[in-house]
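Enquirer: Here it is, the structure in full.
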Amino acid sequence: MTGPGEHGHDRLARGADLRSEVDQLLAVLAAEGPAGSVVGFGPETHRYLAPLAQAGFRVTAADPDPPAGRTFDAALVLGSALGGLVANDRMLTALAGYAGCLRPGGLMLLDLVDGQTVLGARLPGRGLRELAGPDGRRMIGYADEVDTDEQVYRLTVRTWRLAEDRVVDRSIVVRDVRYFLPRELAFLLSVSGFELAGTAPLAGQPDPAWLRLAWARKA
Amino acid sequence: MTAVDSATFGRLHAAWYDRWFSARSLPAEVEQLTRIFAAAGAGVGSVLDIGCGTGGHLELLARHGLEVVGIDRSPAMVAVAGERLAGSGVAATVLESDVATLRLARAFDAAIMMSWVLSYHVSDEDLFTTLAVLHRHLRPGGLLAFDVVDGSVLLRDGVSTSLRVVEDGTTQFLRVSEPVLRPAEQVYEIGLRMWMFDGDRVVATAAETHPVRYFLPREVELILHTAGFEPLGSEPLAGGPQARQLSRLFWARRP
């Protein structure tokens with residue numbers, strides 16, 4: 001079983017499936033022209049780099065910054081890394097950084113929360129999971145909401161660790177991720193030196209897909 | 001049924017415009033605008049109204065003591081607005097012009113664009129042409145306020161067909177609104193079919209399609225920023241239906 005807790009709290013849709021996401025990335029990279037070198041941004045992106053390396057790509061993790069002076073054929077910005085920045089000015093700064101480490105014509109692949117689905121469909125990220133481990137039991141509670149004034153999908157993850165009849169640890173993580181409409185995304189990319197080349201529902205998700213994969217070419 | 005040319009129905013539509021949209025409250029909208037102008041501390045004495053329609057905002061703003069100039073590209077709307085303002089005894093100027101070609105030899109303290117006028121700019125090119133015209137007609141520090149279709153409300157609630165019937169003596173107007181969403185284009189397309197009956201006679205029929213673009217709040221901020229404005233705020237337009245206010249008011253400053 002996979003869910004938000006499996007891959008970190010920012011896996012927004014339950015049922016996310018790494019293998020089918022990687023297959024989708026490979027298909028887009030193959031369809032959009034030659035790419036040999038790939039740089040990955042964002043804490044979640046490293047999960048995708050190892051399978052891409054196995055597929056023959058030269059991969060580099062920007063951790064957090066890309067190696068100076070190098071350019072790449074493709075950049076991965078996954079795990080809702082862009083949407084997590086929320087504000088326009090932070091996104092414009094980040095996009096300038098992604099553009100700076102791509103060769104002209106290089107491809108950026110990013111996943112994002114689809115505003116159409118977020119606003120129109122039932123929220124997916126609610127419930128409680130109980131996990132038994134060697135160090136005791138854990139309970140993970142998920143709650144989500146859409147804040148339309150802030151234009152964010154807000155996922156709250158609470159964790160309790162239990163030993164016998166005592167709560168030995170608890171935590172709360174709240175993450176805001178901005179959602180986008182299609183022309184909004186195209187415009188944001190165009191003012192950042194990219195041309196949106198395509199979008200598709202992110203592979204391996206239940207329907208309707210909350211996350212979309214988008215790919216854009218550096219102008 | 002009698003087919004009539006669109007100019008005729010244009011006049012009919014203009015004449016009946018205020019009744020079609022009687023669900024909204026212009027005084028509430030103008031109170032909201034003047035409150036925003038005062039809070040921004042920009043010292044607003046003159047206002048340019050782009051797409052002024054039948055002049056409802058112009059009249060009320062003039063009553064607040066503001067100097068107002070209205071622009072509309074529809075001769076029928078300009079005629080109705082002119083009659084309204086002449087009858088109300090307030091000083092206001094109404095000009096027939098397309099916004100894209102507008103060149104007034106002066107700048108204003110504030111500009112407004114109400115009734116979804118900006119949402120009617122479906123292409124990015126038209127949108128930025130109009131925003132450039134507004135920028136040019138505002139003094140530095142001047143304020144811009146406009147309402148657009150709120151994508152959050154539209155996508156949450158979905159769209160549905162509605163029928164409106166207005167009666168006046170023996171005259172009946174019917175208007176059926178049949179909207180569809182075109183999500184990839186971010187367009188809410190309102191198909192309107194209208195009939196005018198006088199007694200048992202069909203006087204006029206018409207069909208119109210109104211494609212309007214819907215926006216999210218941070219998207220509008222990005223557009224304003226790109227067009228050289230400083231976004232100041234947004235909130236639901238005042239005076240509309242509480243449960244489903246499709247119009248959101250944004251305001252910004254020309255730096």
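Residues are referred to by chain and number: the chain letter is A, B, ... according to the order shown in the structure tokens, the number counts from 1 in that chain, and ligands are numbered separately from 1 in the order shown.
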Counting only C-alpha atoms, which residues from chain B have an atom at most 6 Å from any atom of chain A, and could you show them as a PDB file with C-alpha atoms, in the first residue's frame?
Expert:
ATOM      1  CA  LEU B 155     -14.947  25.439 -10.644  1.00  0.00           C
ATOM      2  CA  ARG B 156     -16.226  24.582  -7.176  1.00  0.00           C
ATOM      3  CA  GLU B 219      -2.670  34.350 -11.466  1.00  0.00           C
TER       4      GLU B 219
END
Enquirer: So that I can check the surroundings of Ile223 (chain B), please list as a ChimeraX atom specification every protein, DNA and RNA residue that reaches within 9 Å of it, counting only C-alpha atoms and ignoring chain neighbours fewer than 5 positions away.
Expert: /A:187-188 /B:127-128,218,228-229
Enquirer: Write the residues of the selection above to a file with C-alpha atoms, as a PDB file, in the first residue's frame.
Expert:
ATOM      1  CA  PHE A 187       1.903  32.266 -18.662  1.00  0.00           C
ATOM      2  CA  LEU A 188       4.108  31.755 -15.602  1.00  0.00           C
TER       3      LEU A 188
ATOM      4  CA  LEU B 127      -5.333  41.418 -21.913  1.00  0.00           C
ATOM      5  CA  PHE B 128      -1.934  43.079 -21.927  1.00  0.00           C
ATOM      6  CA  ARG B 218      -2.309  34.520  -7.715  1.00  0.00           C
ATOM      7  CA  GLY B 228       3.732  46.994 -14.404  1.00  0.00           C
ATOM      8  CA  PHE B 229       1.212  47.261 -11.577  1.00  0.00           C
TER       9      PHE B 229
END
Enquirer: Would you list, as number ranges by chain, the residues of region 5-147 of chain A that end up in strand (DSSP E) under DSSP run on this structure's backbone?
Expert: A: 37-41, 58-61, 72-77, 102-114, 127-133, 136-147
Enquirer: Go through region 13-208 of chain B and collect every residue that DSSP, computed from the backbone, puts in alpha helix (DSSP H); the answer should be as a ChimeraX atom specification.
Expert: /B:13-20,26-40,56-63,75-88,124-136,151-157
Enquirer: Which neighbours of Arg254 (chain B) fall inside 7 Å, counting only C-alpha atoms, when residues of the same chain fewer than 5 positions from it are skipped, and could you give them as a ChimeraX atom specification?
Expert: /B:135,140-143,228-230
Enquirer: Figure out the distance between CA of Glu21 (chain A) and CA of Gly204 (chain A), please, to one decimal in Å.
Expert: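 It comes out at 6.5 Å.
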Enquirer: Just to confirm, what's the straight-line distance from CA of Pro206 (chain A) to CA of Arg182 (chain B) in Å (one decimal)?
Expert: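 About the pair CA of Pro206 (chain A) and CA of Arg182 (chain B): they are 22.9 Å apart.
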Enquirer: Mind pulling up the distance from CA of Leu128 (chain A) to CA of Arg158 (chain A)?
Expert: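 Between CA of Arg158 (chain A) and CA of Leu128 (chain A) the gap works out to 9.3 Å.
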Enquirer: Which residue, A:Pro64, A:Gly36, A:Gly105, A:Pro208, has the smallest gap to Leu52 (chain A) when you use only C-alpha atoms?
Expert: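 The closest residue to Leu52 (chain A) is A:Gly36.
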Enquirer: Excluding Ala62 (chain B) and any residue of its chain fewer than 2 positions from it, enumerate the residues within 12 Å of it, using only C-alpha atoms, and give them as a list in words.
Expert: Val30, Thr34, Gly45, Ser46, Val47, Leu48, Asp49, Gly55, Gly56, His57, Leu58, Glu59, Leu60, His64, Gly65, Leu66, Glu67, Val68, Val69, Gly70, Leu85, Ser88, Gly89, Val90, Ala91, Ala92 and Thr93 of chain B
Enquirer: Find the residues around Leu110 (chain A) up to 6 Å (only C-alpha atoms counted), leave out those fewer than 2 positions away in its own chain, and share them as a list of chain:residue names.
Expert: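 So the residues in contact are A:Val77, A:Leu78, A:Leu213, A:Ala214.
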Enquirer: Please write the residues from the selection above to a file, keeping C-alpha atoms, as a PDB file, in the first residue's frame.
Expert:
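Output contents, as saved in part.pdb:
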ATOM      1  CA  VAL A  77      11.284  19.586 -10.533  1.00  0.00           C
ATOM      2  CA  LEU A  78       9.102  16.989  -8.832  1.00  0.00           C
ATOM      3  CA  LEU A 213       3.010  16.294 -15.162  1.00  0.00           C
ATOM      4  CA  ALA A 214       4.002  19.270 -17.291  1.00  0.00           C
TER       5      ALA A 214
END
Enquirer: Quick one: everything within 9 Å of Asp98 (chain B), counting only C-alpha atoms, minus sequence neighbours fewer than 4 positions away in the same chain. Send it as JSON, numbers by chain.
Expert: {"B": [51, 71, 72, 73, 74, 102]}
